[in-house]
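Reading through the structure tokens given below for one structure.
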Amino acid sequence: MIKPKRLKKGQTIGIISPSSGVWKRSELWRSIEEIENWGYKVKVGEHAYKKRFYLAGSDEERAGDLLDFFKDDNIDAIFCSQGGYGSARILKYLDFDVIRDNPKIFIGYSDITSLHIAINKLSHLVTFHGPCALSAGSDEMTGYRREHLFRALEDEEPIGKIEVSGRNKYLVTVNGGKTEATVIGGNLTLLCSTLGTPYEIETKDKIVFIEELDTEPWIMDHMLTHLLNSGKLQEAAGIVIGDCQNCEPFKLDAGFPNQCSLEDVIFDLLRPLNLPVLYGLPIGHTKDLATIPLGVLGFLDAKEGIFEILERGTI
């Protein structure tokens, strides 16, 4: 895997909107001010504020902003403004050789999962599943989130153990066991959407992390079953599931009178797998969000509740 250079104070962070647009400019302005307070310069992509339906401009415009910033020698890292919807629509317009030949930090989460999986697979570049730029100027940028972000992008040492946050519910060992393997993963909805495409996630002998938000257990069951039916989870070395906030039954439903919890679904589907599975870490849609490099070596001890990043994501 190709690794980008680590981020240093005084360098320039580029902000793009490859999915949905920035609906309120003032929110991004606050975030830009905060990023500048961290010691960085900021450049915003041409179409970051554009609005086309629920997207930040046309597919070609959003893809163009991403490629332009990878080619721009004055940009040292690329932050996505937010997720939302639409990153999968730009994949066919991307030149993955350009991304490979101009490696730099690329970070975001949620809908950005489509880009992470495709870039990881076709450009062989380590990318970062972590905060989007809009959170920098909001109360979402907790001390935990900021500390883990800087550890991932600035430090000369591996991130190490992903610590449990005080906001997390608890850790649950679904299956015990240990494994050391390359880390890959992202949002469950987007992971499923890669199946059957040229950008399909490769999970064989990897630690796969999965996160989701605001999704009822039966829908989580549907998507996890889709990954199982495709053989993707059986061939993994281990599985880490985020705390998946608000993924409980929303209401009593006449069609599903006997509801269950997400934990019930996870045990029912993943317990039969002969591999370590850990549930509840602060990954994805959670306030205390840990930044995870994709494509580096990780260690999972599901019995002891340990998920550790053993290798730097930068050089």
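Convention: chains lettered A, B, ... in structure tokens order; per-chain residue numbering from 1; ligands numbered from 1 as shown.
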
Closest-contact table, segment 154-233 of chain A side, partner segment 73-87 of chain A, 12 Å, counting only C-alpha atoms, as a Markdown table:
```
| residue | atom | partner | partner_atom | distance |
| --- | --- | --- | --- | --- |
| A:Glu154 | CA | A:Ala77 | CA | 11.2 |
| A:Asn187 | CA | A:Gly83 | CA | 10.8 |
| A:Thr189 | CA | A:Tyr85 | CA | 11.1 |
| A:Leu190 | CA | A:Ser87 | CA | 9.6 |
| A:Ser193 | CA | A:Ser87 | CA | 11.3 |
| A:Thr194 | CA | A:Ser87 | CA | 11.6 |
```

Write out the residues from the selection above, keeping N, CA and C atoms, as a compact mmCIF listing (two decimals), in the first residue's frame.
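Output saved as again_7.txt:
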```
# COMPACT_ATOMS: atom_id res chain seq x y z
N GLU A 154 -0.86 13.32 12.19
CA GLU A 154 0.35 14.08 12.50
C GLU A 154 1.47 13.26 13.12
N ASN A 187 -19.05 2.34 6.41
CA ASN A 187 -20.49 2.33 6.64
C ASN A 187 -21.13 1.11 5.98
N THR A 189 -24.19 0.36 4.90
CA THR A 189 -24.98 0.58 3.68
C THR A 189 -24.08 0.70 2.46
N LEU A 190 -23.00 1.45 2.61
CA LEU A 190 -22.10 1.69 1.47
C LEU A 190 -21.25 0.47 1.16
N SER A 193 -23.26 -1.64 -0.98
CA SER A 193 -23.46 -1.09 -2.32
C SER A 193 -22.27 -1.33 -3.24
N THR A 194 -21.12 -1.71 -2.68
CA THR A 194 -19.96 -2.00 -3.55
C THR A 194 -20.05 -3.38 -4.19
```

When DSSP works through the backbone of this structure, what residues of segment 69-195 of chain A end up as alpha helix (DSSP H), shown as a ChimeraX atom specification?
/A:69-71,96-101,113-122,143-153,188-193

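Considering the residues A:Asp243, A:Glu308, A:Glu34, A:Glu27 and counting only C-alpha atoms, Tyr49 of chain A has its shortest atom-to-atom contact with A:Glu27.
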
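Distances to Arg25 of chain A were evaluated for A:Ile117, A:Ile107, A:Leu7, A:Ala48 using only C-alpha atoms, and the minimum falls at A:Ala48.
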
For Leu149 of chain A: contacts at 10 Å, only C-alpha atoms, fewer than 2 positions along chain excluded, given as a ChimeraX atom specification
/A:107,128-131,141,143-147,151-155,159,289-292

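Taking atom CA of His124 of chain A and atom CA of Gly295 of chain A as endpoints, the distance between them is 8.2 Å.
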
According to DSSP computed on the backbone, where in segment 50-270 of chain A is there strand (DSSP E or B)? Give the residues as a PyMOL selection string.
chain A and resi 52+55+77-80+105-108+125+127-129+160-161+172-175+178-187+206-211+238-242+253+256

So that I can check the surroundings of Leu300 of chain A, please list as a list in words every protein, DNA and RNA residue that reaches within 8 Å of it, counting only C-alpha atoms and ignoring chain neighbours fewer than 5 positions away.
Gly177, Lys178, Thr179, Glu180, Ile207, Gly238, Pro276, Gly305, Ile306, Phe307 and Glu308 of chain A

Would you mind listing what lies within 9 Å of Ile90 of chain A as a VMD selection string, with only C-alpha atoms counted and same-chain residues fewer than 4 positions away left out?
chain A and resid 18 to 19 58 to 63 86 94 115

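When only C-alpha atoms are used to compute distances to Lys303 of chain A, the closest of the residues A:Val240, A:Ile35, A:Ala133, A:Val174 turns out to be A:Val174.
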
Nearest residue to Ile119 of chain A out of A:Pro158, A:Gly64, A:Gly284, A:Pro198, using only C-alpha atoms?
A:Pro198

Spatial neighbours of segment 216-222 of chain A, 12 Å, only C-alpha atoms, chain gap at least 2 places, as a PyMOL selection string
chain A and resi 187-189+192+210-214+224-229+241+244-253+255-270

From the list A:Ile16, A:Ser230, A:Lys41, A:Arg6, which residue is nearest Cys132 of chain A when using only C-alpha atoms?
A:Ile16

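Residue nearest Ser138 of chain A, chosen from A:Lys43, A:Arg100, A:Lys3, A:Lys287 and counting only C-alpha atoms: A:Lys287.
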
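Atom to atom, atom CA of Leu281 of chain A and atom CA of Leu171 of chain A stand 6.6 Å apart.
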
Could you please determine the separation between atom CA of Ser31 of chain A and atom CA of Phe70 of chain A in Å, to one decimal place?
21.4 Å
